[in-house]
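Peer 1: Once you've had a glance at the structure underneath, I'll fire off some questions.
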Amino acid sequence: MELNKETPMKHKILWLFFLTLIILNLPLYGQLGMGSGRISGKVTDNEGNPLEGALVTVENLQYKTILKNISDENGKWGVSGIASGRYFIIVKLEGYREEKCELTISFATKRAHTLDVTLKKEEKVPVLPSGKSGKKGKELAALLEAGINLYNQGKYEEAIAKFEEFAGKNPSMYQVYINIGNSYREKEELDKAIQAYQMFLDKLEEFKETIEGDEDAARVLATIGEIYLKQDKLDDATNNFRQAIEISPTDAILAYNVGEISFKKGKTDLAIEYLKIATEIKEDWPDPYLKLGYAYLNKGDFKLAVESFKTFLKLAPDDPQAPTINNLIPQIENLIKKEAIP
């Protein structure tokens, strides 16, 4: 099918969409996500002390290949055989909160990348208010653990009962309202989920006087926004997303996730808004530019789509999706030229 100036724009977009589907199904480059690159780093605690024995799992998101390594006595770890692409990395060590991150690795200019991780100490037994230590404290800890086990088993109604009992007996541990909200969300009782999340925010502000800079508050607000988006309450969703970004203005991943969720829900303008925020926070992160390109393409703003795609290629020239984008850009530019013909 050849495009000409008489071809209706609707048909042009459909043709471009069809072309994209063809390109996306071209043979993939690389073999099972393996390459000759390397990623390494250091695992430390909050005070900068090296942590030995941390398990680092590196998963290629395209090929689902997994590589692992354990940090040595100096906290150092390294994984070889890495190809360019998107990776999900998890760092675990008993007694510490696990850390997760998703990143794009490109070996266009160098064969090694560094990722240092700081693990925060995890309190296995809840910090209980005075007068609730000893036997009482153990009972409350057991109650919370029972709720978590029920949640993991998918017994959400029973889990909620345990969490609510815990909250009634230990109001200073208001974080449990996140567990309650998550349980209601799994049950698809979304209004009750929002109420529980809001209770967490109210309690947090009551105990800390402000939620400014609190990462948990930002994530909860974004979760509420996601629920509103699911309910097609765009104004409420936008309001919560904006609050989340205001509370954590340096969290590029949060902004990116909001943009990606919005795009998947068909809210293209909202997606563009937050993907742009992600690029402003972290200018050298290619993923938001790739999503922006598709968002602009979906909107029919071909010039900005090309700009975003070219920025993506500049930042990640040997990304697995780079061949697709390299093939797509000339087709979009051709559409732009045809639009300009009087």
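By convention here, the chains of the structure tokens are called A, B, ... in the order presented, each chain's residues are numbered starting at 1, and ligands are numbered starting at 1 in the order presented.
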Identify all residues of region 14-261 of chain A in alpha helix (DSSP H) (DSSP on the backbone) and supply them as a ChimeraX atom specification.
Peer 2: /A:14-24,134-152,156-169,176-186,190-208,215-230,234-247,252-261
Peer 1: Can you tell me, as number ranges by chain, which residues in region 68-288 of chain A count as strand (DSSP E) by DSSP?
Peer 2: A: 68-70, 76-82, 85-92, 99-105, 112-114, 117-118
Peer 1: Selection from above, C-alpha atoms, as a PDB file, in the first residue's frame, can you write it?
Peer 2:
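So out_17.pdb came out as:
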```
ATOM      1  CA  LYS A  68      22.756 -14.183  40.005  1.00  0.00           C
ATOM      2  CA  ASN A  69      25.688 -13.272  42.218  1.00  0.00           C
ATOM      3  CA  ILE A  70      26.377 -12.863  45.951  1.00  0.00           C
ATOM      4  CA  LYS A  76      31.079  -6.149  45.914  1.00  0.00           C
ATOM      5  CA  TRP A  77      29.213  -8.181  43.308  1.00  0.00           C
ATOM      6  CA  GLY A  78      29.357  -8.625  39.561  1.00  0.00           C
ATOM      7  CA  VAL A  79      27.515 -10.409  36.752  1.00  0.00           C
ATOM      8  CA  SER A  80      28.973 -11.073  33.296  1.00  0.00           C
ATOM      9  CA  GLY A  81      27.266 -12.164  30.082  1.00  0.00           C
ATOM     10  CA  ILE A  82      24.968  -9.122  29.990  1.00  0.00           C
ATOM     11  CA  GLY A  85      18.399  -4.294  27.123  1.00  0.00           C
ATOM     12  CA  ARG A  86      15.992  -3.734  29.991  1.00  0.00           C
ATOM     13  CA  TYR A  87      16.648  -5.479  33.285  1.00  0.00           C
ATOM     14  CA  PHE A  88      14.865  -6.013  36.591  1.00  0.00           C
ATOM     15  CA  ILE A  89      17.300  -6.236  39.492  1.00  0.00           C
ATOM     16  CA  ILE A  90      16.522  -7.480  43.012  1.00  0.00           C
ATOM     17  CA  VAL A  91      18.943  -7.311  45.953  1.00  0.00           C
ATOM     18  CA  LYS A  92      18.091  -9.400  49.034  1.00  0.00           C
ATOM     19  CA  GLU A  99      15.649  -3.364  46.943  1.00  0.00           C
ATOM     20  CA  LYS A 100      14.275  -3.541  43.403  1.00  0.00           C
ATOM     21  CA  CYS A 101      14.953  -1.459  40.338  1.00  0.00           C
ATOM     22  CA  GLU A 102      14.327  -1.571  36.624  1.00  0.00           C
ATOM     23  CA  LEU A 103      16.830  -0.069  34.231  1.00  0.00           C
ATOM     24  CA  THR A 104      17.976  -0.056  30.645  1.00  0.00           C
ATOM     25  CA  ILE A 105      21.595  -1.033  30.009  1.00  0.00           C
ATOM     26  CA  ALA A 112      30.706  -2.416  31.974  1.00  0.00           C
ATOM     27  CA  HIS A 113      28.073  -0.699  34.086  1.00  0.00           C
ATOM     28  CA  THR A 114      27.942   0.006  37.816  1.00  0.00           C
ATOM     29  CA  VAL A 117      22.720  -0.471  46.276  1.00  0.00           C
ATOM     30  CA  THR A 118      21.950   0.619  49.835  1.00  0.00           C
TER      31      THR A 118
END
```
Peer 1: Go ahead and compute the interatomic distance for CA of Glu59 (chain A) and CA of Pro320 (chain A), in Å to one decimal.
Peer 2: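 So the answer is 14.6 Å.
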Peer 1: Quick one: residues within 10 Å of Leu270 (chain A), only C-alpha atoms, excluding same-chain residues fewer than 4 positions away - as a compact mmCIF listing (two decimals) with N, CA and C atoms, in the first residue's frame?
Peer 2:
```
# COMPACT_ATOMS: atom_id res chain seq x y z
N LEU A 234 -10.91 10.44 35.94
CA LEU A 234 -9.66 11.02 35.48
C LEU A 234 -9.19 12.18 36.35
N ALA A 237 -7.85 10.86 39.60
CA ALA A 237 -6.59 10.16 39.35
C ALA A 237 -5.46 11.17 39.17
N THR A 238 -5.70 12.18 38.35
CA THR A 238 -4.68 13.19 38.09
C THR A 238 -4.27 13.91 39.36
N PHE A 241 -2.04 11.60 41.40
CA PHE A 241 -0.74 11.45 40.77
C PHE A 241 0.13 12.70 41.00
N VAL A 258 3.61 6.10 36.47
CA VAL A 258 2.32 6.78 36.29
C VAL A 258 2.05 6.97 34.80
N GLY A 259 3.08 7.40 34.06
CA GLY A 259 2.92 7.58 32.62
C GLY A 259 2.60 6.29 31.91
N GLU A 260 3.27 5.21 32.29
CA GLU A 260 3.05 3.92 31.65
C GLU A 260 1.65 3.39 31.94
N ILE A 261 1.21 3.53 33.20
CA ILE A 261 -0.14 3.09 33.57
C ILE A 261 -1.18 3.88 32.78
N SER A 262 -0.97 5.18 32.71
CA SER A 262 -1.92 6.04 32.00
C SER A 262 -2.00 5.68 30.53
N PHE A 263 -0.84 5.38 29.93
CA PHE A 263 -0.81 5.02 28.51
C PHE A 263 -1.56 3.71 28.27
N LYS A 265 -3.95 2.61 29.95
CA LYS A 265 -5.38 2.85 30.15
C LYS A 265 -5.98 3.72 29.05
N GLY A 266 -5.15 4.11 28.08
CA GLY A 266 -5.65 4.92 26.97
C GLY A 266 -5.73 6.40 27.27
N TYR A 274 3.27 12.82 32.44
CA TYR A 274 4.13 12.22 33.45
C TYR A 274 5.40 11.62 32.87
N LEU A 275 5.35 11.17 31.63
CA LEU A 275 6.58 10.69 30.99
C LEU A 275 7.55 11.86 30.78
N ALA A 295 3.51 7.36 22.68
CA ALA A 295 2.36 8.17 23.11
C ALA A 295 2.07 9.27 22.09
```
Peer 1: Fewer than 4 positions away in the same chain doesn't count, so skip those; otherwise give me all residues within 6 Å of region 244-257 of chain A, counting only C-alpha atoms, as a PyMOL selection string.
Peer 2: chain A and resi 212-213+218+221-222+274-275+278+281
Peer 1: Write to file, as a PDB file, in the first residue's frame, the residues of the selection just made, with N, CA and C atoms.
Peer 2:
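Output file again.pdb is given in full below:
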```
ATOM      1  N   GLU A 212       5.305  15.215  53.531  1.00  0.00           N
ATOM      2  CA  GLU A 212       6.277  15.705  52.543  1.00  0.00           C
ATOM      3  C   GLU A 212       7.532  14.836  52.552  1.00  0.00           C
ATOM      4  N   GLY A 213       7.921  14.370  51.384  1.00  0.00           N
ATOM      5  CA  GLY A 213       9.148  13.588  51.251  1.00  0.00           C
ATOM      6  C   GLY A 213       9.025  12.135  51.657  1.00  0.00           C
ATOM      7  N   ALA A 218       3.940   8.755  48.885  1.00  0.00           N
ATOM      8  CA  ALA A 218       3.924   8.973  47.431  1.00  0.00           C
ATOM      9  C   ALA A 218       3.404   7.733  46.710  1.00  0.00           C
ATOM     10  N   LEU A 221      -0.406   7.356  47.319  1.00  0.00           N
ATOM     11  CA  LEU A 221      -1.162   8.311  46.505  1.00  0.00           C
ATOM     12  C   LEU A 221      -1.208   7.868  45.040  1.00  0.00           C
ATOM     13  N   ALA A 222      -0.086   7.354  44.547  1.00  0.00           N
ATOM     14  CA  ALA A 222      -0.056   6.864  43.162  1.00  0.00           C
ATOM     15  C   ALA A 222      -0.962   5.648  43.002  1.00  0.00           C
ATOM     16  N   TYR A 274       3.268  12.823  32.444  1.00  0.00           N
ATOM     17  CA  TYR A 274       4.133  12.216  33.453  1.00  0.00           C
ATOM     18  C   TYR A 274       5.400  11.616  32.865  1.00  0.00           C
ATOM     19  N   LEU A 275       5.353  11.165  31.631  1.00  0.00           N
ATOM     20  CA  LEU A 275       6.578  10.695  30.985  1.00  0.00           C
ATOM     21  C   LEU A 275       7.550  11.859  30.781  1.00  0.00           C
ATOM     22  N   ALA A 278       9.272  12.456  33.987  1.00  0.00           N
ATOM     23  CA  ALA A 278      10.334  11.463  34.187  1.00  0.00           C
ATOM     24  C   ALA A 278      11.603  11.861  33.428  1.00  0.00           C
ATOM     25  N   ILE A 281      13.356  14.685  35.312  1.00  0.00           N
ATOM     26  CA  ILE A 281      14.043  14.256  36.526  1.00  0.00           C
ATOM     27  C   ILE A 281      15.324  13.505  36.177  1.00  0.00           C
TER      28      ILE A 281
END
```
Peer 1: Neighbours of Gly48 (chain A) within 12 Å (only C-alpha atoms; same-chain residues fewer than 3 positions away dropped), as a PDB file with N, CA and C atoms, in the first residue's frame?
Peer 2:
```pdb
ATOM      1  N   LYS A  42      28.276  -2.411  44.453  1.00  0.00           N
ATOM      2  CA  LYS A  42      28.577  -2.638  45.868  1.00  0.00           C
ATOM      3  C   LYS A  42      27.297  -2.517  46.671  1.00  0.00           C
ATOM      4  N   VAL A  43      27.130  -3.415  47.637  1.00  0.00           N
ATOM      5  CA  VAL A  43      25.964  -3.394  48.520  1.00  0.00           C
ATOM      6  C   VAL A  43      26.411  -2.907  49.889  1.00  0.00           C
ATOM      7  N   THR A  44      25.766  -1.848  50.391  1.00  0.00           N
ATOM      8  CA  THR A  44      26.120  -1.282  51.689  1.00  0.00           C
ATOM      9  C   THR A  44      24.866  -1.043  52.514  1.00  0.00           C
ATOM     10  N   ASP A  45      25.071  -0.774  53.823  1.00  0.00           N
ATOM     11  CA  ASP A  45      23.949  -0.400  54.671  1.00  0.00           C
ATOM     12  C   ASP A  45      23.834   1.123  54.707  1.00  0.00           C
ATOM     13  N   LEU A  51      28.051  -4.907  52.879  1.00  0.00           N
ATOM     14  CA  LEU A  51      27.228  -6.031  53.317  1.00  0.00           C
ATOM     15  C   LEU A  51      27.602  -7.275  52.523  1.00  0.00           C
ATOM     16  N   ASN A  74      33.538  -7.411  50.935  1.00  0.00           N
ATOM     17  CA  ASN A  74      33.617  -5.967  50.700  1.00  0.00           C
ATOM     18  C   ASN A  74      32.320  -5.395  50.133  1.00  0.00           C
ATOM     19  N   GLY A  75      31.300  -6.258  50.076  1.00  0.00           N
ATOM     20  CA  GLY A  75      30.007  -5.817  49.549  1.00  0.00           C
ATOM     21  C   GLY A  75      29.952  -5.802  48.033  1.00  0.00           C
ATOM     22  N   ASP A 116      25.349   0.572  42.453  1.00  0.00           N
ATOM     23  CA  ASP A 116      25.533   0.445  43.895  1.00  0.00           C
ATOM     24  C   ASP A 116      24.176   0.483  44.577  1.00  0.00           C
ATOM     25  N   VAL A 117      24.015  -0.341  45.611  1.00  0.00           N
ATOM     26  CA  VAL A 117      22.720  -0.471  46.276  1.00  0.00           C
ATOM     27  C   VAL A 117      22.889  -0.312  47.781  1.00  0.00           C
ATOM     28  N   THR A 118      21.987   0.459  48.383  1.00  0.00           N
ATOM     29  CA  THR A 118      21.950   0.619  49.835  1.00  0.00           C
ATOM     30  C   THR A 118      20.735  -0.102  50.392  1.00  0.00           C
ATOM     31  N   LEU A 119      20.955  -1.019  51.338  1.00  0.00           N
ATOM     32  CA  LEU A 119      19.859  -1.763  51.952  1.00  0.00           C
ATOM     33  C   LEU A 119      19.545  -1.187  53.326  1.00  0.00           C
ATOM     34  N   LYS A 120      18.276  -1.051  53.605  1.00  0.00           N
ATOM     35  CA  LYS A 120      17.826  -0.540  54.898  1.00  0.00           C
ATOM     36  C   LYS A 120      17.490  -1.697  55.830  1.00  0.00           C
TER      37      LYS A 120
END
```
Peer 1: Write out as a PyMOL selection string each polymer residue whose atoms come within 12 Å of region 159-164 of chain A, counting only C-alpha atoms; drop sequence neighbours fewer than 5 positions from it.
Peer 2: chain A and resi 139-154+169-171+173-187+192-193+196+199
Peer 1: Take the residues from that selection and write them out as an mmCIF file, in the first residue's frame, keeping C-alpha atoms.
Peer 2:
```
data_model
loop_
_atom_site.group_PDB
_atom_site.id
_atom_site.type_symbol
_atom_site.label_atom_id
_atom_site.label_comp_id
_atom_site.auth_asym_id
_atom_site.auth_seq_id
_atom_site.Cartn_x
_atom_site.Cartn_y
_atom_site.Cartn_z
ATOM 1 C CA GLU A 139 0.986 -11.590 70.473
ATOM 2 C CA LEU A 140 0.666 -8.501 68.285
ATOM 3 C CA ALA A 141 3.598 -9.564 66.115
ATOM 4 C CA ALA A 142 2.001 -12.997 65.682
ATOM 5 C CA LEU A 143 -1.298 -11.320 64.754
ATOM 6 C CA LEU A 144 0.390 -9.242 62.059
ATOM 7 C CA GLU A 145 2.310 -12.243 60.724
ATOM 8 C CA ALA A 146 -0.922 -14.244 60.549
ATOM 9 C CA GLY A 147 -2.515 -11.487 58.460
ATOM 10 C CA ILE A 148 0.438 -11.426 56.072
ATOM 11 C CA ASN A 149 0.362 -15.212 55.676
ATOM 12 C CA LEU A 150 -3.377 -15.144 54.926
ATOM 13 C CA TYR A 151 -2.817 -12.380 52.362
ATOM 14 C CA ASN A 152 -0.095 -14.416 50.650
ATOM 15 C CA GLN A 153 -2.507 -17.367 50.506
ATOM 16 C CA GLY A 154 -5.129 -15.226 48.798
ATOM 17 C CA LYS A 169 -4.758 -2.974 69.373
ATOM 18 C CA ASN A 170 -1.738 -1.064 68.071
ATOM 19 C CA PRO A 171 -2.796 2.277 66.501
ATOM 20 C CA MET A 173 1.553 0.994 63.612
ATOM 21 C CA TYR A 174 -0.619 2.777 61.052
ATOM 22 C CA GLN A 175 1.347 1.231 58.179
ATOM 23 C CA VAL A 176 -0.951 -1.773 58.511
ATOM 24 C CA TYR A 177 -3.633 0.245 56.706
ATOM 25 C CA ILE A 178 -1.586 -0.217 53.529
ATOM 26 C CA ASN A 179 -1.986 -3.983 54.014
ATOM 27 C CA ILE A 180 -5.716 -3.491 54.482
ATOM 28 C CA GLY A 181 -5.918 -1.373 51.342
ATOM 29 C CA ASN A 182 -3.965 -3.931 49.331
ATOM 30 C CA SER A 183 -6.297 -6.696 50.519
ATOM 31 C CA TYR A 184 -9.408 -4.779 49.501
ATOM 32 C CA ARG A 185 -7.827 -3.966 46.148
ATOM 33 C CA GLU A 186 -7.201 -7.669 45.516
ATOM 34 C CA LYS A 187 -10.873 -8.280 46.333
ATOM 35 C CA LYS A 192 -12.866 0.328 50.578
ATOM 36 C CA ALA A 193 -9.263 0.100 49.372
ATOM 37 C CA ALA A 196 -7.889 2.219 53.911
ATOM 38 C CA MET A 199 -6.547 6.189 56.626
#
```
